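Structure first, commentary second.
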There are 2 protein chains.
Amino acid sequence: MPVPTVEWKNNRLKVIDQSVLPHRLRFICCNSVKSVWDIIREMKIRGAPLLGVAAAYGVYLGVRNSKKNLFKDLERTIKYLSTSRPTARNLFWALEGMKKIAYAHRKEPAGKIKKILLEEAERILEEDKEICRKIGKFGKHLIKNNDRILTHCNAGGLATADYGTALGVIFTSHREKKKIRVYVDETRPVLQGARLTTWELMREGIDTTLICDNTAAHLMAKGEIDKVIVGADRIAKNGDTANKIGTYNLALLAHYHEIPFYVAAPTSTIDVRIKSGKDITIEERGADEVRKIGNTYIAPKRVKVLNPAFDVTPNRFITAIVTEKGILHKPFARSIKKVI
Amino acid sequence: MPVPTVEWKNNRLKVIDQSVLPHRLRFICCNSVKSVWDIIREMKIRGAPLLGVAAAYGVYLGVRNSKKNLFKDLERTIKYLSTSRPTARNLFWALEGMKKIAYAHRKEPAGKIKKILLEEAERILEEDKEICRKIGKFGKHLIKNNDRILTHCNAGGLATADYGTALGVIFTSHREKKKIRVYVDETRPVLQGARLTTWELMREGIDTTLICDNTAAHLMAKGEIDKVIVGADRIAKNGDTANKIGTYNLALLAHYHEIPFYVAAPTSTIDVRIKSGKDITIEERGADEVRKIGNTYIAPKRVKVLNPAFDVTPNRFITAIVTEKGILHKPFARSIKKVI
């Protein structure tokens, strides 16, 4: 990504406002934990790894002006940020990491602890970049020359601190001169595929075709899709994977059409305390996300809506999980255990 | 439908402009074959049975001012209308019917033949109303009290001259006091589900919930869907069914989750000259239907798009086909033969 999705600049967290892409490239600077909470909640930033990075800086922003009760402020900040969005594991993983490092240095002066927290957020950001590279490096072996790849939502640079997880695999393969065509699900209701993934792929000069979410089965039946690769928001101990709504749909279709279905995600997305997908909390979002596009109502204003932001793909429909520690194969309960 | 979707009034074809629903109820009056072609092409009207009715009136409009060469004008009109949209069988069925009746009376004076053509169009309209009632009457037996039904696109009053095929089954069941909940796929890109089906169902006081097209699998996995019912644009001799893009997707998902999947359509949708679905012509529509919603671009302006308007559901994924002549069961090759 020539334009960083997220950076720490002038003592503020600077991010791309993803809600106005692809037509405007606008930045948001956050200098309070409230503003970080808001941009997460309102999906001005999204993508599980990016939410982890932002949450880490959010913790620092929540305590940097703390006068007396640093740890009380820390606890309150973490509790507050954890209410922003429920499903992405990385957000909680980052909050836990920040808390842990603070407590590990609890004997230090407050100023020192604050400094350590900022450094830890920076470390998480840098680590995420490294993770993207490694996922790309491992994942590229799954991609063949002339592959036609379908992806859903956005697991690219805009979902991470670097060039993405699922898209990282695609970018790495493309840079190594493999000829690839990518079909992008538009990904209703927030249209991350139509708005973000197409934008990222086209900037890299990758052959990109946008489709509606309901079109994948038709393309698969015609033999137009060689593999599917998506990101993840939370992966259970057994490999069941929560990701953007529509992922389970694709996984089932891929399974029926005997097309490999890959998940690409950092190991920080894996939640070993969750045994299986049925225990993953699925965020329900507001009705107007579906009723409206932009400011325009596309449906009756008072129609009831069901708008789950994620779904869960059972492990049996996943061919492999690409992580920064290598490619995990079935049985995932065992391969996950080895890397966590 | 308290408001007729289509009627012949003051020597013009009067239809609801479906492109501005649900926010505006606007009518279009056509007094030329060109205007009928335009509203079909631009999808101001859509729905296979309705296209049949409109095409029939279009034939009359194309010849009513014919001076010398009535049959030359007739042939040209029919050829022209057949280029409006390629997939809906009913459109061609109506054109063939109009042609046949004209030739059956070729010895009559031109004025008489014109009158016969107008009467035939009127008969097709009235017959479509009767067909909707019969489909409702047969189909209602498939619906149980407390059923949660998923439908895709719009196979309602707006797709026919009366109260619809798939929705006709739902309306009939509702009027007979069965408690039903209906989930409606928004149906990208033209949003017939979000705009039209919700509007029709809510006017009848039916419990209606709008979902994005990518959400059905998630609901099925949760046990929230009891049956799926959709319309059809063209049914092959073996039962393979072309319908709005996304239908095959739903049929596969229903099959996996062991949920009955019904098609409701008049027998005029069946094309016995087509052996199987792979011979059905699938219309490809313009890229901006996907890139834009209303006047707003939701994707990069130059992104490539694949926008097939229909897909084909193989007969093995269809539980039964509800027609005005009864419910057709498998093997469809045999049950179709009995009614055609």
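Going through the structure tokens in order, the chains are called A, B, and so on, while each chain numbers its residues from 1 and the ligands are numbered from 1 in the order shown.
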
Inset, instruction - Would you please give, as a VMD selection string, all residues of segment 197-323 of chain A that DSSP assigns to alpha helix (DSSP H) based on the backbone? - result: chain A and resid 198 to 203 216 to 221 247 to 256 288 to 291

Inset, instruction - Using only C-alpha atoms, determine which residues lie at most 6 Å from Gly62 of chain A, disregarding the query and same-chain residues fewer than 2 positions distant; provide the list as a list in words. - result: Val33, Val59, Tyr60 and Thr77 of chain A

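All of the residues in chain A within 7 Å of chain B are A:Pro22, A:Arg188, A:Pro189, A:Ala194, A:Arg195, A:Trp199, A:Thr208, A:Thr209, A:Leu210, A:Ile211, A:Cys212, A:Asp213, A:Asn214, A:Thr215, A:Ala217, A:His218, A:Ile245, A:Gly246, A:Tyr248, A:Asn249, A:Ile298, A:Ala299, A:Pro300, A:Val303, A:Lys304, A:Val305, A:Leu306, A:Asn307, A:Asp311, where only C-alpha atoms were counted.
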
Legend entry - Residues within 12 Å of Pro109 of chain A, only C-alpha atoms, excluding chain neighbours under 4 positions, as a PyMOL selection string: chain A and resi 67-71+102-103+105+113-116

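For the residues B:Leu13, B:Leu158, B:Gly111, B:Arg89, ranking by smallest atom-to-atom distance to Val272 of chain B using only C-alpha atoms places B:Arg89 first.
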